[in-house]
Amino acid sequence: MDILQIRNLRVYYQTLQGTLKAVDRVTFGLKTGERFGLVGESGSGKSTLAFAIMRLTKPPAYVAGGEVLLNGIDLIKMDAVQLRTHRLAQIALVPQGAMDSLNPVLRVKEQIVDGIVDHATGREQKKNLAYRVYELLEKVGLQKEVANMYPHELSGGMKQRVCLAIAISLNPKIIIADEPTSALDVVVQRQIMLALGEMQKSLGLSILLVGHDMGLMAQFADRIGVMYAGKLMEIGPIEKVFKNPLHPYTQLLISCPPTLEERGEFKGIPGLPPLISDPPPGCVFHPRCPITKDTCSLEAPEMIESEPGRWVACLQHDRVSQ
Amino acid sequence: MSYFLEARNIAKAYGGSGLFHKKETVALEAISMVIKENPASIIGIAGESGSGKTTLARLLMGFIHPTQGQVLYRGKDLKHITRREKMTFRKEVQAVFQDPFGAYNPFYKIDHALYTPLKKLQIVNSKAKARQMIEEAMEAIGLNPDETLGRFPQELSGGQRQRVMVARAFLLKPRLILADEPVSMVDASLRATILQSLRKLNKEFGISILYISHDLTTTYQISDHIVVLYRGTVAEIGDIDHVIKDPKHPYSQLLVESIPRPDPAKRWSHHLTAFRSHESDRISRGCKFAADCPRVIPNLCPASPPPLYQIQRQRAVRCFLYKDAHEISNEEMSKVLDP
């Protein structure tokens with residue numbers, strides 16, 4: 001069952017240079033209790049998409065069309081009151097650089113309580129708040145004392161844990177985590193991701209992990225969606241995608257980053273990502289694609305299910321593995 | 001014999017005097033290393049934030065001076081060299097920093113960033129000669145001068161901007177380039193070009209490179225040797241292949257193990273001791289990793305700081321687990337990579 005369905009979502013930016021299609025007809029579903037990784041390079045539209053799901057899109061960006069269905073109810077069409085009771089209570093966002101979003105003059109407990117008071121629906125949830133704060137801190141692996149501390153007294157990893165505690169404070173069903181570990185060291189990153197994974201299991205959460213690091217996706221996600229220039233290129237189970245990528249872009253993303261296995265020539269993807277203000281005709285990836293054919297510049301590929309559970313948007317996908 | 005650049009048992013502490021900073025923060029201590037002109041090598045400096053990577057870079061560039069020990073440039077203390085020598089030093093040691101967006105003035109075309117050092121260091125006297133040098137440098141880095149020059153920084157991608165910075169460093173024909181996190185703000189698909197150009201400068205033009213990064217994978221790809229820093233001290237030093245494939249210090253082991261490998265079949269083990277990285281541990285008298293170390297020796301590690309033990313010809317570890325090996329002094333650290 002899909003707890004969250006994104007259908008034909010389009011998010012555009014209105015600029016003096018014209019309309020930029022930052023997210024262009026994106027369709028995918030997040031299953032109950034699953035970890036979905038959304039991967040893409042900077043400018044691919046992944047954060048714009050995360051914001052649009054939360055209805056946090058601000059001008060000059062706007063949602064040009066499509067649906068975000070949470071248990072069948074469209075978040076895009078919700079009024080402000082409904083939205084308030086859904087955010088944090090049903091679906092929570094840990095934005096990029098969340099740890100820097102903590103208020104420097106408020107104690108940790110006040111910041112956790114703030115979200116609960118604002119978004120809780122029942123009176124029950126507003127009771128015993130002090131106890132609730134301790135409980136939440138424990139869940140993310142922090143000590144009670146942290147509740148009375150100010151953000152500057154905490155390390156980056158601890159601040160990020162506080163943000164996770166805020167995100168789970170009203171037992172949401174979905175957490176969207178946008179690069180939750182981008183500013184952290186590898187050891188701390190591993191700890192945070194393991195903590196998030198444990199919470200996901202024990203609370204039965206569904207997680208949408210947004211990021212650029214294929215390594216992190218391989219470590220964490222059950223399924224993965226690859227974005228490029230505002231479009232989804234491929235969706236599939238993580239093992240299958242890594243073993244046998246269907247889209248040439250996915251294949252390059254997996255094979256080009258340096259590894260610890262072999263030292264050798266540096267491989268990159270030739271060319272540059274397209275300007276979304278002036279996307280190439282046909283498939284957006286064709287100017288950088290190693291197996292492009294004439295038809296690729298004429299026709300934009302549709303997302304097709306090439307085998308059960310695996311989707312790809314590429315006219316040449318049957319030639320990728322060869 | 002004097003080396004091109006030598007750090008002799010240096011330490012840097014911040015604060016410690018004045019009204020508001022009574023407590024001293026030791027950012028770096030007991031580091032010795034040499035950088036030779038010939039053979040030119042690439043040394044990687046790895047460590048988490050707060051390990052002293054950038055302090056080391058700033059000390060070696062003479063931006064700050066050590067509170068203990070000396071940094072020697074061709075045998076002379078960097079603190080006391082003459083203006084003229086400083087000028088040559090500034091030419092011979094170049095840097096590439098992390099942020100390719102902040103390195104440019106958005107009001108000037110990128111040409112400005114390339115002409116200015118040539119003018120300030122009085123390397124050329126005509127604009128035509130400068131232009132020729134700039135074009136040569138860009139071509140060596142693999143940039144097309146016609147496509148890049150005359151543009152504003154915001155018209156270039158992060159990867160291109162960073163390569164222009166590498167070209168700018170190369171322009172002055174330096175002997176050493178300090179690259180402080182040069183690829184961490186660049187997209188994965190474009191990192192290769194930057195690493196490639198650094199490698200080329202080393203192999204073809206004999207320029208030594210100090211590659212400073214928290215990312216062990218790129219460090220592994222580019223470096224010949226590695227220095228692993230942990231909270232201001234050297235945890236492990238040695239040949240890159242040995243250290244990455246078979247790390248000996250428990251901290252290097254944790255570091256290598258925690259790299260997210262792009263392979264769903266090789267996931268992190270859940271077994272991870274509580275890694276605190278907390279301020280209060282810093283004051284411990286013994287090994288700085290003792291509080292987090294899975295292999296800590298209870299009465300030894302927290303009590304006294306471990307010395308360096310040379311476990312192989314080009315390999316030393318600061319850990320009591322290897323106390324049967326030959327103990328070396330902090331000054332001898334520089335000999336590990338240069339036997």
# chains A, B, ... in the order shown; residues from 1 in each chain; ligands from 1

call {"tool": "residues_around", "arguments": {"residues": "Leu75 of chain A", "least_positions_apart": "6", "cutoff": "10 Å", "atoms": "only C-alpha atoms", "output": "list in words"}}
result
Ala52, Ile53, Met54, Arg55, Glu67, Val68, Leu69, Gln82, Leu83, His86 and Arg87 of chain A

call {"tool": "residues_around", "arguments": {"residues": "segment 94-98 of chain A", "least_positions_apart": "6", "cutoff": "8 Å", "atoms": "only C-alpha atoms", "output": "PyMOL selection string"}}
result
chain A and resi 160+163-164+167+175-180+182-183

call {"tool": "residues_around", "arguments": {"residues": "Arg191 of chain B", "least_positions_apart": "5", "cutoff": "10 Å", "atoms": "only C-alpha atoms", "output": "ChimeraX atom specification"}}
result
/A:256-258,266-269 /B:158-159,162-163,182-186,196,218

call {"tool": "write_last_selection", "arguments": {"atoms": "C-alpha atoms", "output": "PDB file, in the first residue's frame"}}
result
ATOM      1  CA  CYS A 256      31.804   7.213 -11.395  1.00  0.00           C
ATOM      2  CA  PRO A 257      32.308   8.145  -7.725  1.00  0.00           C
ATOM      3  CA  PRO A 258      35.695   7.138  -6.365  1.00  0.00           C
ATOM      4  CA  PHE A 266      39.019   9.374 -12.221  1.00  0.00           C
ATOM      5  CA  LYS A 267      35.756   8.884 -13.979  1.00  0.00           C
ATOM      6  CA  GLY A 268      33.193  11.622 -14.229  1.00  0.00           C
ATOM      7  CA  ILE A 269      30.139  12.245 -16.340  1.00  0.00           C
TER       8      ILE A 269
ATOM      9  CA  GLY B 158      30.891  25.024  -9.457  1.00  0.00           C
ATOM     10  CA  GLY B 159      33.191  22.469 -11.057  1.00  0.00           C
ATOM     11  CA  GLN B 162      37.042  25.303  -8.955  1.00  0.00           C
ATOM     12  CA  ARG B 163      39.141  24.329 -11.962  1.00  0.00           C
ATOM     13  CA  PRO B 182      38.671  21.270  -3.005  1.00  0.00           C
ATOM     14  CA  VAL B 183      35.840  18.994  -4.121  1.00  0.00           C
ATOM     15  CA  SER B 184      33.451  18.881  -1.191  1.00  0.00           C
ATOM     16  CA  MET B 185      31.152  21.541  -2.658  1.00  0.00           C
ATOM     17  CA  VAL B 186      31.242  20.170  -6.183  1.00  0.00           C
ATOM     18  CA  GLN B 196      42.445  14.735 -12.416  1.00  0.00           C
ATOM     19  CA  THR B 218      38.877  11.029  -2.695  1.00  0.00           C
TER      20      THR B 218
END

call {"tool": "select_by_dssp", "arguments": {"residues": "segment 7-248 of chain B", "states": "alpha helix (DSSP H)", "output": "VMD selection string"}}
result
chain B and resid 53 to 60 83 to 92 110 to 120 127 to 141 145 to 148 158 to 171 188 to 205 216 to 222 240 to 245

call {"tool": "interface_residues", "arguments": {"of": "chain B", "to": "chain A", "cutoff": "6 Å", "atoms": "only C-alpha atoms", "output": "ChimeraX atom specification"}}
result
/B:48,189-190,192,217,221,258,260-264,267

call {"tool": "residues_around", "arguments": {"residues": "Glu135 of chain A", "least_positions_apart": "3", "cutoff": "12 Å", "atoms": "only C-alpha atoms", "output": "list in words"}}
result
Lys109, Ile112, Asn128, Leu129, Ala130, Tyr131, Arg132, Glu138, Lys139, Val140, Gly141, Leu142, Gln143, Lys144, Val146, Ala147, Ala165, Ile166, Ile168, Ser169 and Leu170 of chain A

call {"tool": "select_by_dssp", "arguments": {"residues": "segment 55-300 of chain A", "states": "strand (DSSP E)", "output": "number ranges by chain"}}
result
A: 61-70, 73-74, 91-94, 174-178, 206-211, 223-228, 231-237

call {"tool": "write_last_selection", "arguments": {"atoms": "C-alpha atoms", "output": "compact mmCIF listing (two decimals), in the first residue's frame"}}
result
# COMPACT_ATOMS: atom_id res chain seq x y z
CA ALA A 61 8.16 28.78 -6.95
CA TYR A 62 4.63 27.47 -7.27
CA VAL A 63 2.93 24.14 -7.71
CA ALA A 64 1.78 24.15 -11.31
CA GLY A 65 -0.14 20.93 -11.14
CA GLY A 66 -0.39 17.40 -9.85
CA GLU A 67 -1.41 15.72 -6.64
CA VAL A 68 0.26 14.73 -3.36
CA LEU A 69 -2.01 12.11 -1.85
CA LEU A 70 -1.54 11.25 1.81
CA ILE A 73 -6.26 12.99 0.63
CA ASP A 74 -4.66 15.64 -1.57
CA ILE A 91 4.15 14.06 7.80
CA ALA A 92 7.28 15.75 9.08
CA LEU A 93 10.22 17.34 7.32
CA VAL A 94 13.84 17.47 8.44
CA ILE A 174 6.09 9.86 7.21
CA ILE A 175 9.41 11.64 7.62
CA ILE A 176 11.01 13.49 4.77
CA ALA A 177 14.72 13.88 5.51
CA ASP A 178 16.52 16.24 3.13
CA SER A 206 7.92 5.59 6.14
CA ILE A 207 10.97 7.63 5.23
CA LEU A 208 11.74 9.67 2.16
CA LEU A 209 15.48 10.29 2.21
CA VAL A 210 16.59 13.05 -0.15
CA GLY A 211 20.27 13.27 -1.00
CA ARG A 223 14.01 1.63 -2.98
CA ILE A 224 15.54 4.49 -4.90
CA GLY A 225 14.37 7.15 -7.33
CA VAL A 226 16.91 8.98 -9.49
CA MET A 227 16.22 12.60 -10.46
CA TYR A 228 17.88 14.60 -13.18
CA LYS A 231 12.54 14.59 -13.95
CA LEU A 232 12.56 11.12 -12.51
CA MET A 233 14.81 8.86 -14.54
CA GLU A 234 14.50 5.56 -12.75
CA ILE A 235 12.75 3.91 -9.80
CA GLY A 236 13.51 0.50 -8.41
CA PRO A 237 14.57 -1.66 -5.46

call {"tool": "atom_distance", "arguments": {"atom1": "atom CA of Leu88 of chain A", "atom2": "atom CA of Val113 of chain A"}}
result
12.2 Å

call {"tool": "closest_residue", "arguments": {"among": "A:Gly18, A:Lys31, A:Gly282, A:Trp311", "to": "Glu299 of chain A", "atoms": "only C-alpha atoms"}}
result
A:Gly282

call {"tool": "atom_distance", "arguments": {"atom1": "atom CA of Leu9 of chain A", "atom2": "atom CA of Ala22 of chain A"}}
result
10.5 Å

call {"tool": "closest_residue", "arguments": {"among": "A:Arg161, A:Thr27, A:Thr292, A:Asn244", "to": "Ile304 of chain A", "atoms": "only C-alpha atoms"}}
result
A:Thr27

call {"tool": "closest_residue", "arguments": {"among": "A:Ala229, A:Ile3, A:Ala89, A:Val162", "to": "Thr48 of chain A", "atoms": "only C-alpha atoms"}}
result
A:Ala229

call {"tool": "residues_around", "arguments": {"residues": "Ile226 of chain B", "least_positions_apart": "4", "cutoff": "12 Å", "atoms": "only C-alpha atoms", "output": "PyMOL selection string"}}
result
chain B and resi 33+41-47+209-214+216-222+234-244+247+252+314-317+336-337

call {"tool": "write_last_selection", "arguments": {"atoms": "C-alpha atoms", "output": "short mmCIF file (atom, residue, chain, number, x, y, z; two decimals), in the first residue's frame"}}
result
data_model
loop_
_atom_site.label_atom_id
_atom_site.label_comp_id
_atom_site.auth_asym_id
_atom_site.auth_seq_id
_atom_site.Cartn_x
_atom_site.Cartn_y
_atom_site.Cartn_z
CA MET B 33 56.28 16.71 8.62
CA SER B 41 54.35 13.76 -3.65
CA ILE B 42 50.70 14.08 -2.72
CA ILE B 43 50.07 13.89 1.01
CA GLY B 44 46.51 13.54 2.22
CA ILE B 45 45.44 15.02 5.54
CA ALA B 46 42.27 13.37 6.80
CA GLY B 47 40.18 13.93 9.88
CA ILE B 209 50.23 18.68 -3.16
CA LEU B 210 48.79 18.65 0.31
CA TYR B 211 45.26 17.33 -0.06
CA ILE B 212 43.16 18.15 2.98
CA SER B 213 39.77 16.49 3.25
CA HIS B 214 37.33 14.74 5.51
CA LEU B 216 38.59 9.38 2.71
CA THR B 217 37.58 8.08 -0.69
CA THR B 218 38.88 11.03 -2.69
CA THR B 219 41.92 11.21 -0.42
CA TYR B 220 42.60 7.57 -1.16
CA GLN B 221 42.24 8.12 -4.87
CA ILE B 222 44.67 11.00 -5.13
CA VAL B 234 48.32 12.48 14.51
CA ALA B 235 46.55 9.16 15.00
CA GLU B 236 48.20 7.35 12.15
CA ILE B 237 50.62 8.20 9.38
CA GLY B 238 51.77 6.12 6.47
CA ASP B 239 51.45 4.90 2.93
CA ILE B 240 47.91 5.44 1.68
CA ASP B 241 47.29 1.89 0.51
CA HIS B 242 48.39 0.40 3.81
CA VAL B 243 46.41 2.79 5.97
CA ILE B 244 43.15 2.50 4.03
CA PRO B 247 44.05 0.69 9.29
CA SER B 252 41.25 5.08 11.57
CA GLN B 314 56.74 3.92 6.47
CA ARG B 315 54.06 3.68 9.06
CA ALA B 316 53.52 5.02 12.57
CA VAL B 317 50.55 4.80 14.93
CA VAL B 336 58.28 8.14 8.66
CA LEU B 337 57.22 9.31 5.22
#

call {"tool": "residues_around", "arguments": {"residues": "segment 169-175 of chain B", "least_positions_apart": "4", "cutoff": "10 Å", "atoms": "only C-alpha atoms", "output": "number ranges by chain"}}
result
B: 4-5, 35-38, 40, 88-96, 114-115, 117-118, 121, 123, 130, 133-138, 140-141, 163-165, 179, 198, 201-202, 205-209

call {"tool": "write_last_selection", "arguments": {"atoms": "C-alpha atoms", "output": "PDB file, in the first residue's frame"}}
result
ATOM      1  CA  PHE B   4      61.241  22.924   0.918  1.00  0.00           C
ATOM      2  CA  LEU B   5      58.807  23.136   3.790  1.00  0.00           C
ATOM      3  CA  ILE B  35      57.330  18.490   2.122  1.00  0.00           C
ATOM      4  CA  LYS B  36      60.038  17.976  -0.442  1.00  0.00           C
ATOM      5  CA  GLU B  37      60.410  19.517  -3.872  1.00  0.00           C
ATOM      6  CA  ASN B  38      61.800  16.364  -5.291  1.00  0.00           C
ATOM      7  CA  ALA B  40      56.933  15.721  -5.571  1.00  0.00           C
ATOM      8  CA  THR B  88      58.809  34.129  -3.194  1.00  0.00           C
ATOM      9  CA  PHE B  89      57.103  31.972  -0.579  1.00  0.00           C
ATOM     10  CA  ARG B  90      53.697  33.343  -1.570  1.00  0.00           C
ATOM     11  CA  LYS B  91      54.483  32.483  -5.152  1.00  0.00           C
ATOM     12  CA  GLU B  92      55.806  29.010  -4.439  1.00  0.00           C
ATOM     13  CA  VAL B  93      53.021  27.940  -2.114  1.00  0.00           C
ATOM     14  CA  GLN B  94      49.534  28.252  -3.540  1.00  0.00           C
ATOM     15  CA  ALA B  95      46.165  27.272  -2.149  1.00  0.00           C
ATOM     16  CA  VAL B  96      42.820  26.088  -3.429  1.00  0.00           C
ATOM     17  CA  LEU B 114      43.881  35.375 -12.785  1.00  0.00           C
ATOM     18  CA  TYR B 115      45.500  38.695 -13.724  1.00  0.00           C
ATOM     19  CA  PRO B 117      48.321  37.607  -8.773  1.00  0.00           C
ATOM     20  CA  LEU B 118      50.496  38.014 -11.874  1.00  0.00           C
ATOM     21  CA  LEU B 121      53.733  39.420  -7.580  1.00  0.00           C
ATOM     22  CA  ILE B 123      55.656  38.248 -12.660  1.00  0.00           C
ATOM     23  CA  ALA B 130      49.912  37.652 -18.905  1.00  0.00           C
ATOM     24  CA  MET B 133      50.450  32.590 -19.429  1.00  0.00           C
ATOM     25  CA  ILE B 134      46.828  32.400 -18.365  1.00  0.00           C
ATOM     26  CA  GLU B 135      45.858  30.563 -21.525  1.00  0.00           C
ATOM     27  CA  GLU B 136      48.686  28.083 -21.071  1.00  0.00           C
ATOM     28  CA  ALA B 137      47.709  27.421 -17.478  1.00  0.00           C
ATOM     29  CA  MET B 138      44.073  26.895 -18.384  1.00  0.00           C
ATOM     30  CA  ALA B 140      47.117  22.494 -18.808  1.00  0.00           C
ATOM     31  CA  ILE B 141      44.099  22.108 -16.502  1.00  0.00           C
ATOM     32  CA  ARG B 163      39.141  24.329 -11.962  1.00  0.00           C
ATOM     33  CA  VAL B 164      39.786  28.008 -12.689  1.00  0.00           C
ATOM     34  CA  MET B 165      41.049  28.205  -9.092  1.00  0.00           C
ATOM     35  CA  ALA B 179      44.091  21.954  -1.535  1.00  0.00           C
ATOM     36  CA  LEU B 198      45.535  18.098  -9.447  1.00  0.00           C
ATOM     37  CA  LEU B 201      50.027  18.999 -11.908  1.00  0.00           C
ATOM     38  CA  ASN B 202      51.781  16.575  -9.587  1.00  0.00           C
ATOM     39  CA  PHE B 205      54.840  19.450 -13.501  1.00  0.00           C
ATOM     40  CA  GLY B 206      56.339  18.033 -10.304  1.00  0.00           C
ATOM     41  CA  ILE B 207      54.240  20.095  -7.935  1.00  0.00           C
ATOM     42  CA  SER B 208      53.772  18.697  -4.435  1.00  0.00           C
ATOM     43  CA  ILE B 209      50.225  18.680  -3.161  1.00  0.00           C
TER      44      ILE B 209
END

call {"tool": "atom_distance", "arguments": {"atom1": "atom CA of Leu20 of chain A", "atom2": "atom CA of Thr57 of chain A"}}
result
14.2 Å
